[in-house]
>>> print(open('data-v4.pdb').read())   # PDB, C-alpha atoms and all ligand atoms
ATOM      1  CA  MET A  58     -58.998-210.613   2.243
ATOM      2  CA  THR A  59     -59.756-207.062   3.369
ATOM      3  CA  ALA A  60     -57.269-204.520   2.009
ATOM      4  CA  THR A  61     -55.386-202.488   4.602
ATOM      5  CA  ILE A  62     -56.116-199.321   2.641
ATOM      6  CA  SER A  63     -58.764-199.086  -0.039
ATOM      7  CA  VAL A  64     -59.776-195.880  -1.743
ATOM      8  CA  ARG A  65     -62.322-195.628  -4.579
ATOM      9  CA  GLY A  66     -63.356-192.604  -6.627
ATOM     10  CA  LEU A  67     -61.784-190.311  -4.035
ATOM     11  CA  THR A  68     -62.329-186.669  -4.861
ATOM     12  CA  ARG A  69     -61.524-183.582  -2.799
ATOM     13  CA  ARG A  70     -62.597-180.229  -4.115
ATOM     14  CA  TYR A  71     -61.685-176.914  -2.522
ATOM     15  CA  ARG A  72     -64.099-174.407  -4.068
ATOM     16  CA  HIS A  73     -63.077-174.535  -7.743
ATOM     17  CA  HIS A  74     -59.854-176.457  -7.243
ATOM     18  CA  LEU A  75     -59.692-180.248  -7.501
ATOM     19  CA  ALA A  76     -57.025-181.425  -5.040
ATOM     20  CA  LEU A  77     -57.896-185.106  -5.629
ATOM     21  CA  ASP A  78     -59.651-186.262  -8.775
ATOM     22  CA  ASP A  79     -61.237-189.739  -8.741
ATOM     23  CA  VAL A  80     -58.318-191.434  -6.981
ATOM     24  CA  GLY A  81     -58.292-195.213  -6.589
ATOM     25  CA  LEU A  82     -55.669-196.953  -4.452
ATOM     26  CA  THR A  83     -55.422-200.305  -2.742
ATOM     27  CA  VAL A  84     -52.674-201.340  -0.356
ATOM     28  CA  ASP A  85     -52.748-204.943   0.810
ATOM     29  CA  GLY A  86     -50.756-206.020   3.821
ATOM     30  CA  PRO A  87     -47.318-204.845   4.934
ATOM     31  CA  SER A  88     -45.332-202.727   2.487
ATOM     32  CA  ILE A  89     -43.477-199.444   2.204
ATOM     33  CA  THR A  90     -45.063-197.266  -0.465
ATOM     34  CA  GLY A  91     -43.598-193.971  -1.604
ATOM     35  CA  LEU A  92     -46.075-191.232  -2.423
ATOM     36  CA  VAL A  93     -44.382-188.841  -4.832
ATOM     37  CA  GLY A  94     -45.383-185.896  -6.963
ATOM     38  CA  ARG A  95     -44.821-182.192  -7.459
ATOM     39  CA  ASN A  96     -45.778-179.458  -5.001
ATOM     40  CA  GLY A  97     -49.537-179.203  -4.689
ATOM     41  CA  ALA A  98     -50.103-182.590  -6.376
ATOM     42  CA  GLY A  99     -52.439-183.834  -3.621
ATOM     43  CA  LYS A 100     -50.194-186.089  -1.493
ATOM     44  CA  THR A 101     -50.945-184.421   1.845
ATOM     45  CA  THR A 102     -54.650-184.245   1.027
ATOM     46  CA  LEU A 103     -54.716-188.000   0.389
ATOM     47  CA  LEU A 104     -52.866-188.764   3.638
ATOM     48  CA  ARG A 105     -55.060-186.363   5.627
ATOM     49  CA  ILE A 106     -58.184-188.086   4.314
ATOM     50  CA  LEU A 107     -56.786-191.541   5.137
ATOM     51  CA  ALA A 108     -56.021-190.301   8.663
ATOM     52  CA  ALA A 109     -59.520-188.793   8.938
ATOM     53  CA  HIS A 110     -58.165-185.276   9.381
ATOM     54  CA  GLU A 111     -60.231-184.232   6.427
ATOM     55  CA  LEU A 112     -63.424-185.377   4.687
ATOM     56  CA  PRO A 113     -63.540-186.274   1.001
ATOM     57  CA  THR A 114     -65.956-184.460  -1.293
ATOM     58  CA  ALA A 115     -66.836-187.803  -2.877
ATOM     59  CA  GLY A 116     -65.633-191.381  -2.926
ATOM     60  CA  GLN A 117     -65.055-194.224  -0.535
ATOM     61  CA  VAL A 118     -62.223-194.621   1.980
ATOM     62  CA  ARG A 119     -61.575-197.795   3.951
ATOM     63  CA  VAL A 120     -58.675-198.219   6.346
ATOM     64  CA  LEU A 121     -58.302-201.582   8.101
ATOM     65  CA  GLY A 122     -61.672-202.505   6.632
ATOM     66  CA  ALA A 123     -63.688-199.536   7.900
ATOM     67  CA  ASN A 124     -64.358-195.860   7.334
ATOM     68  CA  PRO A 125     -61.770-194.054   9.511
ATOM     69  CA  ILE A 126     -63.933-190.973  10.153
ATOM     70  CA  GLU A 127     -64.693-190.709  13.883
ATOM     71  CA  ASN A 128     -63.732-194.368  14.180
ATOM     72  CA  ASP A 129     -61.546-194.635  17.255
ATOM     73  CA  ALA A 130     -61.032-198.381  16.837
ATOM     74  CA  VAL A 131     -59.365-197.733  13.449
ATOM     75  CA  LEU A 132     -57.600-194.488  14.337
ATOM     76  CA  ARG A 133     -55.856-196.110  17.318
ATOM     77  CA  ARG A 134     -54.253-198.563  14.903
ATOM     78  CA  MET A 135     -52.871-195.722  12.773
ATOM     79  CA  VAL A 136     -50.248-193.033  13.180
ATOM     80  CA  PHE A 137     -49.936-189.949  10.996
ATOM     81  CA  VAL A 138     -46.678-188.020  11.113
ATOM     82  CA  ARG A 139     -46.887-184.663   9.377
ATOM     83  CA  GLU A 140     -44.367-182.177   8.166
ATOM     84  CA  ASP A 141     -43.984-179.404  10.746
ATOM     85  CA  GLN A 142     -46.274-181.227  13.147
ATOM     86  CA  SER A 143     -47.692-178.918  15.805
ATOM     87  CA  PHE A 144     -47.490-180.016  19.439
ATOM     88  CA  PRO A 145     -49.114-178.626  22.570
ATOM     89  CA  ASP A 146     -46.924-176.551  24.872
ATOM     90  CA  ILE A 147     -45.429-179.469  26.818
ATOM     91  CA  ARG A 148     -42.053-181.138  27.354
ATOM     92  CA  VAL A 149     -40.639-183.856  25.078
ATOM     93  CA  ARG A 150     -41.078-186.556  27.725
ATOM     94  CA  ASP A 151     -44.754-185.595  28.215
ATOM     95  CA  ALA A 152     -45.387-185.708  24.450
ATOM     96  CA  LEU A 153     -43.951-189.225  24.389
ATOM     97  CA  LYS A 154     -46.085-190.238  27.355
ATOM     98  CA  ALA A 155     -49.220-188.850  25.663
ATOM     99  CA  ALA A 156     -48.328-190.721  22.442
ATOM    100  CA  SER A 157     -47.912-193.962  24.424
ATOM    101  CA  TRP A 158     -51.519-193.604  25.660
ATOM    102  CA  SER A 159     -52.929-193.162  22.154
ATOM    103  CA  HIS A 160     -51.126-196.069  20.517
ATOM    104  CA  PRO A 161     -51.754-199.588  21.844
ATOM    105  CA  GLY A 162     -48.673-200.958  20.060
ATOM    106  CA  TRP A 163     -46.355-198.336  21.640
ATOM    107  CA  CYS A 164     -42.826-199.615  22.334
ATOM    108  CA  ALA A 165     -41.314-197.578  25.172
ATOM    109  CA  GLU A 166     -37.939-199.257  24.743
ATOM    110  CA  LEU A 167     -37.757-198.270  21.076
ATOM    111  CA  ALA A 168     -38.852-194.718  21.903
ATOM    112  CA  GLU A 169     -36.061-194.453  24.472
ATOM    113  CA  THR A 170     -33.461-195.809  22.029
ATOM    114  CA  LEU A 171     -34.553-193.418  19.279
ATOM    115  CA  VAL A 172     -34.631-190.444  21.651
ATOM    116  CA  GLY A 173     -31.007-191.243  22.493
ATOM    117  CA  GLU A 174     -30.000-191.702  18.863
ATOM    118  CA  PHE A 175     -31.621-188.431  17.777
ATOM    119  CA  GLU A 176     -30.164-186.757  20.889
ATOM    120  CA  LEU A 177     -33.503-185.323  21.963
ATOM    121  CA  PRO A 178     -33.517-183.516  25.327
ATOM    122  CA  THR A 179     -36.518-185.085  27.085
ATOM    123  CA  ASP A 180     -36.954-182.360  29.701
ATOM    124  CA  ARG A 181     -36.980-179.482  27.196
ATOM    125  CA  PRO A 182     -40.294-177.838  26.227
ATOM    126  CA  ILE A 183     -41.157-178.686  22.618
ATOM    127  CA  LYS A 184     -41.521-175.018  21.706
ATOM    128  CA  ARG A 185     -37.786-174.609  22.494
ATOM    129  CA  LEU A 186     -36.722-177.437  20.147
ATOM    130  CA  SER A 187     -35.195-176.637  16.777
ATOM    131  CA  ARG A 188     -37.225-177.484  13.657
ATOM    132  CA  GLY A 189     -35.106-180.574  13.010
ATOM    133  CA  MET A 190     -35.503-181.710  16.628
ATOM    134  CA  ARG A 191     -39.295-181.378  16.334
ATOM    135  CA  SER A 192     -39.173-183.511  13.188
ATOM    136  CA  ALA A 193     -37.055-186.069  15.055
ATOM    137  CA  LEU A 194     -39.638-186.163  17.851
ATOM    138  CA  SER A 195     -42.423-186.770  15.299
ATOM    139  CA  ILE A 196     -40.375-189.574  13.763
ATOM    140  CA  VAL A 197     -39.764-191.175  17.163
ATOM    141  CA  ILE A 198     -43.531-191.146  17.763
ATOM    142  CA  GLY A 199     -44.245-192.464  14.261
ATOM    143  CA  LEU A 200     -41.908-195.434  14.669
ATOM    144  CA  ALA A 201     -42.425-196.214  18.371
ATOM    145  CA  ALA A 202     -46.207-196.266  17.846
ATOM    146  CA  ARG A 203     -45.741-199.513  15.881
ATOM    147  CA  ALA A 204     -49.097-198.751  14.295
ATOM    148  CA  GLU A 205     -50.446-201.126  11.644
ATOM    149  CA  VAL A 206     -50.919-198.180   9.310
ATOM    150  CA  THR A 207     -48.072-195.682   9.505
ATOM    151  CA  LEU A 208     -48.366-192.510   7.435
ATOM    152  CA  PHE A 209     -45.357-190.207   7.085
ATOM    153  CA  ASP A 210     -45.926-186.922   5.271
ATOM    154  CA  GLU A 211     -42.462-185.518   4.471
ATOM    155  CA  PRO A 212     -41.491-186.007   8.094
ATOM    156  CA  TYR A 213     -37.964-184.627   7.895
ATOM    157  CA  ALA A 214     -38.328-180.827   7.684
ATOM    158  CA  GLY A 215     -35.074-179.389   9.010
ATOM    159  CA  LEU A 216     -33.435-182.788   9.610
ATOM    160  CA  ASP A 217     -29.775-182.906   8.591
ATOM    161  CA  ALA A 218     -28.424-185.628   6.292
ATOM    162  CA  VAL A 219     -27.105-187.742   9.190
ATOM    163  CA  ALA A 220     -30.444-187.643  11.016
ATOM    164  CA  ARG A 221     -32.338-188.441   7.797
ATOM    165  CA  GLN A 222     -30.125-191.490   7.245
ATOM    166  CA  LEU A 223     -30.783-192.549  10.827
ATOM    167  CA  PHE A 224     -34.519-192.269  10.119
ATOM    168  CA  TYR A 225     -34.228-194.408   6.968
ATOM    169  CA  ASP A 226     -32.124-197.036   8.783
ATOM    170  CA  ARG A 227     -34.496-197.264  11.737
ATOM    171  CA  LEU A 228     -37.572-197.311   9.511
ATOM    172  CA  LEU A 229     -36.175-200.231   7.536
ATOM    173  CA  ALA A 230     -35.087-202.112  10.682
ATOM    174  CA  GLU A 231     -38.517-201.584  12.257
ATOM    175  CA  TYR A 232     -40.257-202.707   9.090
ATOM    176  CA  ALA A 233     -38.118-205.862   8.963
ATOM    177  CA  GLU A 234     -38.870-206.760  12.590
ATOM    178  CA  HIS A 235     -42.470-205.534  12.746
ATOM    179  CA  PRO A 236     -43.862-205.399   9.200
ATOM    180  CA  ARG A 237     -46.675-202.891   8.764
ATOM    181  CA  THR A 238     -48.273-200.766   6.074
ATOM    182  CA  MET A 239     -46.233-197.626   5.613
ATOM    183  CA  LEU A 240     -46.966-194.736   3.276
ATOM    184  CA  LEU A 241     -44.197-192.184   2.947
ATOM    185  CA  SER A 242     -44.811-188.954   1.082
ATOM    186  CA  THR A 243     -41.520-187.501  -0.095
ATOM    187  CA  HIS A 244     -39.672-185.187  -2.453
ATOM    188  CA  LEU A 245     -36.307-186.802  -1.674
ATOM    189  CA  VAL A 246     -37.033-189.578  -4.130
ATOM    190  CA  ASP A 247     -33.531-190.902  -4.734
ATOM    191  CA  GLU A 248     -32.704-190.704  -1.036
ATOM    192  CA  VAL A 249     -35.562-193.055  -0.129
ATOM    193  CA  ALA A 250     -35.508-195.131  -3.320
ATOM    194  CA  GLY A 251     -33.830-198.062  -1.566
ATOM    195  CA  LEU A 252     -36.612-198.261   1.035
ATOM    196  CA  LEU A 253     -39.538-198.389  -1.329
ATOM    197  CA  GLU A 254     -41.325-201.463  -2.604
ATOM    198  CA  ARG A 255     -43.943-199.501  -4.480
ATOM    199  CA  VAL A 256     -44.154-196.020  -5.899
ATOM    200  CA  VAL A 257     -47.400-194.095  -6.346
ATOM    201  CA  MET A 258     -47.118-190.806  -8.158
ATOM    202  CA  ILE A 259     -49.819-188.150  -7.948
ATOM    203  CA  ASP A 260     -50.034-185.336 -10.452
ATOM    204  CA  ARG A 261     -52.668-182.611 -10.195
ATOM    205  CA  GLY A 262     -54.851-184.815  -8.040
ATOM    206  CA  ARG A 263     -54.650-187.955 -10.170
ATOM    207  CA  ILE A 264     -52.555-191.097  -9.809
ATOM    208  CA  VAL A 265     -50.371-191.191 -12.902
ATOM    209  CA  LEU A 266     -47.932-193.928 -11.916
ATOM    210  CA  ASP A 267     -48.437-196.870  -9.577
ATOM    211  CA  CYS A 268     -45.951-199.714  -9.791
ATOM    212  CA  ALA A 269     -43.347-201.810  -8.041
ATOM    213  CA  ALA A 270     -40.168-199.816  -7.395
ATOM    214  CA  ASP A 271     -38.127-202.613  -9.003
ATOM    215  CA  ASP A 272     -40.103-202.301 -12.241
ATOM    216  CA  ILE A 273     -39.369-198.582 -12.357
ATOM    217  CA  ARG A 274     -35.691-199.061 -11.648
ATOM    218  CA  GLY A 275     -35.123-201.321 -14.657
ATOM    219  CA  GLY A 276     -37.925-199.957 -16.811
ATOM    220  CA  TRP A 277     -36.564-196.665 -18.157
ATOM    221  CA  THR A 278     -33.224-196.226 -19.910
ATOM    222  CA  MET A 279     -31.123-193.263 -20.989
ATOM    223  CA  VAL A 280     -29.357-193.829 -24.341
ATOM    224  CA  SER A 281     -26.684-191.365 -25.430
ATOM    225  CA  GLY A 282     -24.020-191.003 -28.095
ATOM    226  CA  PRO A 283     -23.798-189.902 -31.743
ATOM    227  CA  SER A 284     -27.277-188.834 -32.976
ATOM    228  CA  ALA A 285     -27.417-191.158 -35.960
ATOM    229  CA  ALA A 286     -26.537-194.205 -33.839
ATOM    230  CA  VAL A 287     -29.014-193.212 -31.094
ATOM    231  CA  GLN A 288     -31.733-192.898 -33.736
ATOM    232  CA  ARG A 289     -30.973-196.365 -35.090
ATOM    233  CA  LEU A 290     -31.239-197.967 -31.675
ATOM    234  CA  VAL A 291     -34.373-196.204 -30.451
ATOM    235  CA  ALA A 292     -36.365-196.259 -33.734
ATOM    236  CA  GLY A 293     -39.922-197.453 -33.097
ATOM    237  CA  ARG A 294     -39.642-197.287 -29.296
ATOM    238  CA  PRO A 295     -41.414-194.911 -26.889
ATOM    239  CA  THR A 296     -38.957-192.109 -26.177
ATOM    240  CA  ARG A 297     -38.932-188.933 -24.084
ATOM    241  CA  GLY A 298     -36.721-186.018 -23.148
ATOM    242  CA  ARG A 299     -34.614-185.900 -26.301
ATOM    243  CA  ARG A 300     -31.588-183.594 -25.978
ATOM    244  CA  THR A 301     -29.011-182.771 -28.623
ATOM    245  CA  ILE A 302     -25.683-180.980 -28.441
ATOM    246  CA  ALA A 303     -23.906-180.702 -31.817
ATOM    247  CA  SER A 304     -23.836-184.259 -33.227
ATOM    248  CA  GLN A 305     -24.447-185.880 -29.809
ATOM    249  CA  GLU A 306     -27.843-186.896 -28.538
ATOM    250  CA  SER A 307     -29.388-188.369 -25.407
ATOM    251  CA  VAL A 308     -32.886-189.736 -25.135
ATOM    252  CA  VAL A 309     -34.931-191.618 -22.549
ATOM    253  CA  VAL A 310     -36.439-194.901 -23.721
ATOM    254  CA  ALA A 311     -39.574-195.604 -21.690
ATOM    255  CA  GLN A 312     -38.987-199.354 -21.618
ATOM    256  CA  ALA A 313     -36.362-201.839 -20.487
ATOM    257  CA  LEU A 314     -33.647-202.858 -22.953
ATOM    258  CA  ASP A 315     -32.900-206.561 -23.334
ATOM    259  CA  ASP A 316     -29.498-208.217 -23.850
ATOM    260  CA  THR A 317     -29.749-207.985 -27.658
ATOM    261  CA  ASP A 318     -30.456-204.248 -27.431
ATOM    262  CA  ARG A 319     -27.503-203.790 -25.121
ATOM    263  CA  LEU A 320     -25.185-205.701 -27.449
ATOM    264  CA  ARG A 321     -26.362-203.540 -30.331
ATOM    265  CA  ALA A 322     -25.825-200.404 -28.232
ATOM    266  CA  ARG A 323     -22.253-201.535 -27.548
ATOM    267  CA  GLU A 324     -21.638-202.124 -31.273
ATOM    268  CA  LEU A 325     -22.988-198.640 -31.993
ATOM    269  CA  ARG A 326     -20.750-197.236 -29.219
ATOM    270  CA  LEU A 327     -23.703-195.881 -27.267
ATOM    271  CA  ARG A 328     -23.954-195.342 -23.520
ATOM    272  CA  VAL A 329     -26.930-197.023 -21.888
ATOM    273  CA  GLU A 330     -27.855-196.208 -18.276
ATOM    274  CA  PRO A 331     -30.944-196.969 -16.183
ATOM    275  CA  LEU A 332     -32.816-193.900 -14.962
ATOM    276  CA  SER A 333     -32.864-193.220 -11.239
ATOM    277  CA  LEU A 334     -36.244-193.148  -9.510
ATOM    278  CA  GLN A 335     -36.005-189.357  -9.343
ATOM    279  CA  GLN A 336     -35.406-189.126 -13.095
ATOM    280  CA  VAL A 337     -38.387-191.413 -13.778
ATOM    281  CA  VAL A 338     -40.577-189.206 -11.599
ATOM    282  CA  VAL A 339     -39.467-186.130 -13.588
ATOM    283  CA  GLN A 340     -40.229-187.875 -16.886
ATOM    284  CA  ALA A 341     -43.584-189.225 -15.680
ATOM    285  CA  SER A 342     -44.477-185.777 -14.408
ATOM    286  CA  ALA A 343     -43.654-184.212 -17.794
ATOM    287  CA  LEU A 344     -45.738-186.890 -19.515
ATOM    288  CA  ALA A 345     -48.686-186.232 -17.180
ATOM    289  CA  THR A 346     -48.440-182.477 -17.778
ATOM    290  CA  GLU A 347     -49.029-183.111 -21.485
ATOM    291  CA  GLN A 348     -52.369-184.798 -20.678
ATOM    292  CA  PRO A 349     -55.340-182.458 -20.200
ATOM    293  CA  THR A 350     -57.026-182.445 -16.764
ATOM    294  CA  GLU A 351     -60.688-181.820 -16.044
ATOM    295  CA  GLU A 352     -59.772-178.270 -14.996
ATOM    296  CA  SER A 353     -57.677-177.514 -18.085
ATOM    297  CA  ARG A 354     -60.240-178.848 -20.566
ATOM    298  CA  PRO A 355     -62.166-176.105 -22.385
TER     299      PRO A 355
HETATM  300  N1  LIG B   1     -57.563-176.187   2.936
HETATM  301  C1  LIG B   1     -57.343-175.943   1.650
HETATM  302  N2  LIG B   1     -58.030-174.985   0.990
HETATM  303  C2  LIG B   1     -57.832-174.762  -0.321
HETATM  304  N3  LIG B   1     -56.949-175.437  -1.081
HETATM  305  C3  LIG B   1     -56.232-176.402  -0.468
HETATM  306  C4  LIG B   1     -56.382-176.708   0.914
HETATM  307  N4  LIG B   1     -55.530-177.723   1.231
HETATM  308  C5  LIG B   1     -54.873-178.023   0.096
HETATM  309  N5  LIG B   1     -55.287-177.231  -0.918
HETATM  310  C6  LIG B   1     -54.821-177.286  -2.302
HETATM  311  O1  LIG B   1     -54.912-178.617  -2.744
HETATM  312  C7  LIG B   1     -53.806-178.937  -3.585
HETATM  313  C8  LIG B   1     -53.098-180.170  -3.053
HETATM  314  O2  LIG B   1     -52.439-179.819  -1.842
HETATM  315  P1  LIG B   1     -51.551-180.868  -1.050
HETATM  316  O3  LIG B   1     -51.106-180.207   0.211
HETATM  317  O4  LIG B   1     -52.313-182.134  -0.911
HETATM  318  O5  LIG B   1     -50.326-181.100  -2.036
HETATM  319  P2  LIG B   1     -48.943-181.889  -1.811
HETATM  320  O6  LIG B   1     -48.816-182.856  -2.927
HETATM  321  O7  LIG B   1     -48.890-182.440  -0.430
HETATM  322  O8  LIG B   1     -47.916-180.714  -1.992
HETATM  323  P3  LIG B   1     -46.445-180.458  -1.338
HETATM  324  O9  LIG B   1     -45.547-181.489  -1.942
HETATM  325  O10 LIG B   1     -46.126-179.073  -1.783
HETATM  326  O11 LIG B   1     -46.594-180.588   0.148
HETATM  327  C9  LIG B   1     -52.932-177.688  -3.645
HETATM  328  O12 LIG B   1     -53.254-176.961  -4.803
HETATM  329  C10 LIG B   1     -53.361-176.912  -2.412
HETATM  330  O13 LIG B   1     -53.213-175.516  -2.598
END
>>> encode(input="data-v4.pdb", output="structure tokens", more="lines below")
Ligand SMILES: Nc1ncnc2c1ncn2[C@@H]1O[C@H](COP(=O)(O)OP(=O)(O)OP(=O)(O)O)[C@@H](O)[C@H]1O
Amino acid sequence: MTATISVRGLTRRYRHHLALDDVGLTVDGPSITGLVGRNGAGKTTLLRILAAHELPTAGQVRVLGANPIENDAVLRRMVFVREDQSFPDIRVRDALKAASWSHPGWCAELAETLVGEFELPTDRPIKRLSRGMRSALSIVIGLAARAEVTLFDEPYAGLDAVARQLFYDRLLAEYAEHPRTMLLSTHLVDEVAGLLERVVMIDRGRIVLDCAADDIRGGWTMVSGPSAAVQRLVAGRPTRGRRTIASQESVVVAQALDDTDRLRARELRLRVEPLSLQQVVVQASALATEQPTEESRP
């Protein structure tokens, strides 16, 4: 079967800076994948290359089985929603009409519903919309396009918490009714955690974590309590982020604990809590920072 997205050895160099460093990624069939990582990690660069807004320096990119560059047949089956998307100087209703022409799967009924829910004034020029309203318009286009490959690059600049929740709810409902391949780049990791089936983390241009969201959720554990007891429980296990205050200690165990471990923790009067997705991303980022990159090697 042809993968929906397949990237091999993808490298993007800007003069002396490596924005993407030998990235490999395959996405098969419908799924919602979260693209996470620190500022400047390379998330937007990856999405821009997938959407053919930018050329790679090296490597192979296939979207829907073909190279997306100047490939209208592929690009019409994709939608790319960017942070602070720029629009021509037209009214909201005209932007929606133009989007309907570019996307064969466009659902006018959904667009109308979403416009109502986000309270977008259709006769107002886009340049007079607030930042959050412009983001809402981009989201309406991204969802109503019903494109087989839907790329969202931090699409909620300026959106308030209520509007962001509306976006998450509608995205999930759309995905349930019309499954498609969605990539969502985000910094609001815990906010979107419930939507994600897979998490791909980029750090300094390299993929440092790529796994099922469920595996992450149960896979890292915070153990805290009296230092001596913590040490007894975690001895011989991979640990990170050790913190001590007086005789108390907390440490992250980079593996799941089984029932026997949990019973032992209870006997030792230790607290055991799973890490949130956001906390795992912070730990994985710290771990990646300890590894040398091509640019940091002497
Ligand atoms: N046109 C460009 N010219 C030079 N450097 C660039 C260009 N575009 C991106 N970069 C650099 O490439 C790196 C990756 O940028 P990118 O926008 O992909 O990161 P990001 O993960 O999306 O970051 P953020 O979360 O802050 O949006 C950064 O160091 C950035 O400065």
>>> residues_near_ligand(input="data-v4.pdb", ligand="ligand LIG 1 (chain B)", cutoff="6 Å", atoms="only C-alpha atoms and all ligand atoms", output="JSON, numbers by chain")
{"A": [71, 76, 95, 96, 97, 98, 99, 100, 101, 102]}
>>> closest_residue(input="data-v4.pdb", among="A:Val291, A:Leu253, A:Val310, A:Ala345", to="A:Leu325", atoms="all atoms listed in the file")
A:Val291
>>> closest_atom_pairs(input="data-v4.pdb", of="stretch 170-236 of chain A", to="stretch 58-61 of chain A", cutoff="12 Å", atoms="all atoms listed in the file", output="tab-separated table")
residue	atom	partner	partner_atom	distance
A:Glu205	CA	A:Thr61	CA	8.7
A:Val206	CA	A:Thr61	CA	7.8
A:Thr207	CA	A:Thr61	CA	11.1
>>> residues_around(input="data-v4.pdb", residues="A:Gln312", least_positions_apart="5", cutoff="12 Å", atoms="all atoms listed in the file", output="list in words")
Asp272, Ile273, Arg274, Gly275, Gly276, Trp277, Thr278, Met279, Val280, Val291, Gly293, Arg294, Pro295, Thr296, Arg297, Asp318, Pro331, Leu332 and Val337 of chain A
>>> closest_residue(input="data-v4.pdb", among="A:Asp226, A:Glu234, A:Glu140, A:Trp158", to="A:Ser192", atoms="only C-alpha atoms")
A:Glu140
>>> build_atoms(input="data-v4.pdb", residues="stretch 118-132 of chain A", atoms="N, CA and C atoms", output="mmCIF file, in the frame of the given file")
data_model
loop_
_atom_site.group_PDB
_atom_site.id
_atom_site.type_symbol
_atom_site.label_atom_id
_atom_site.label_comp_id
_atom_site.auth_asym_id
_atom_site.auth_seq_id
_atom_site.Cartn_x
_atom_site.Cartn_y
_atom_site.Cartn_z
ATOM 1 N N VAL A 118 -63.518 -194.388 1.324
ATOM 2 C CA VAL A 118 -62.223 -194.621 1.980
ATOM 3 C C VAL A 118 -62.403 -195.723 3.023
ATOM 4 N N ARG A 119 -61.573 -196.730 2.942
ATOM 5 C CA ARG A 119 -61.575 -197.795 3.951
ATOM 6 C C ARG A 119 -60.139 -197.987 4.443
ATOM 7 N N VAL A 120 -59.981 -197.934 5.748
ATOM 8 C CA VAL A 120 -58.675 -198.219 6.346
ATOM 9 C C VAL A 120 -58.903 -199.340 7.357
ATOM 10 N N LEU A 121 -58.132 -200.400 7.241
ATOM 11 C CA LEU A 121 -58.302 -201.582 8.101
ATOM 12 C C LEU A 121 -59.758 -202.054 8.058
ATOM 13 N N GLY A 122 -60.337 -201.952 6.867
ATOM 14 C CA GLY A 122 -61.672 -202.505 6.632
ATOM 15 C C GLY A 122 -62.841 -201.603 6.980
ATOM 16 N N ALA A 123 -62.568 -200.386 7.480
ATOM 17 C CA ALA A 123 -63.688 -199.536 7.900
ATOM 18 C C ALA A 123 -63.438 -198.078 7.521
ATOM 19 N N ASN A 124 -64.498 -197.298 7.568
ATOM 20 C CA ASN A 124 -64.358 -195.860 7.334
ATOM 21 C C ASN A 124 -63.638 -195.259 8.557
ATOM 22 N N PRO A 125 -62.527 -194.543 8.342
ATOM 23 C CA PRO A 125 -61.770 -194.054 9.511
ATOM 24 C C PRO A 125 -62.413 -192.853 10.216
ATOM 25 N N ILE A 126 -63.361 -192.191 9.567
ATOM 26 C CA ILE A 126 -63.933 -190.973 10.153
ATOM 27 C C ILE A 126 -64.613 -191.282 11.499
ATOM 28 N N GLU A 127 -64.157 -190.554 12.521
ATOM 29 C CA GLU A 127 -64.693 -190.709 13.883
ATOM 30 C C GLU A 127 -64.748 -192.178 14.317
ATOM 31 N N ASN A 128 -63.760 -192.940 13.869
ATOM 32 C CA ASN A 128 -63.732 -194.368 14.180
ATOM 33 C C ASN A 128 -62.503 -194.646 15.044
ATOM 34 N N ASP A 129 -62.679 -194.524 16.342
ATOM 35 C CA ASP A 129 -61.546 -194.635 17.255
ATOM 36 C C ASP A 129 -60.840 -195.984 17.160
ATOM 37 N N ALA A 130 -61.621 -197.034 16.913
ATOM 38 C CA ALA A 130 -61.032 -198.381 16.837
ATOM 39 C C ALA A 130 -60.015 -198.445 15.692
ATOM 40 N N VAL A 131 -60.294 -197.758 14.581
ATOM 41 C CA VAL A 131 -59.365 -197.733 13.449
ATOM 42 C C VAL A 131 -58.247 -196.726 13.705
ATOM 43 N N LEU A 132 -58.601 -195.553 14.171
ATOM 44 C CA LEU A 132 -57.600 -194.488 14.337
ATOM 45 C C LEU A 132 -56.516 -194.869 15.356
#
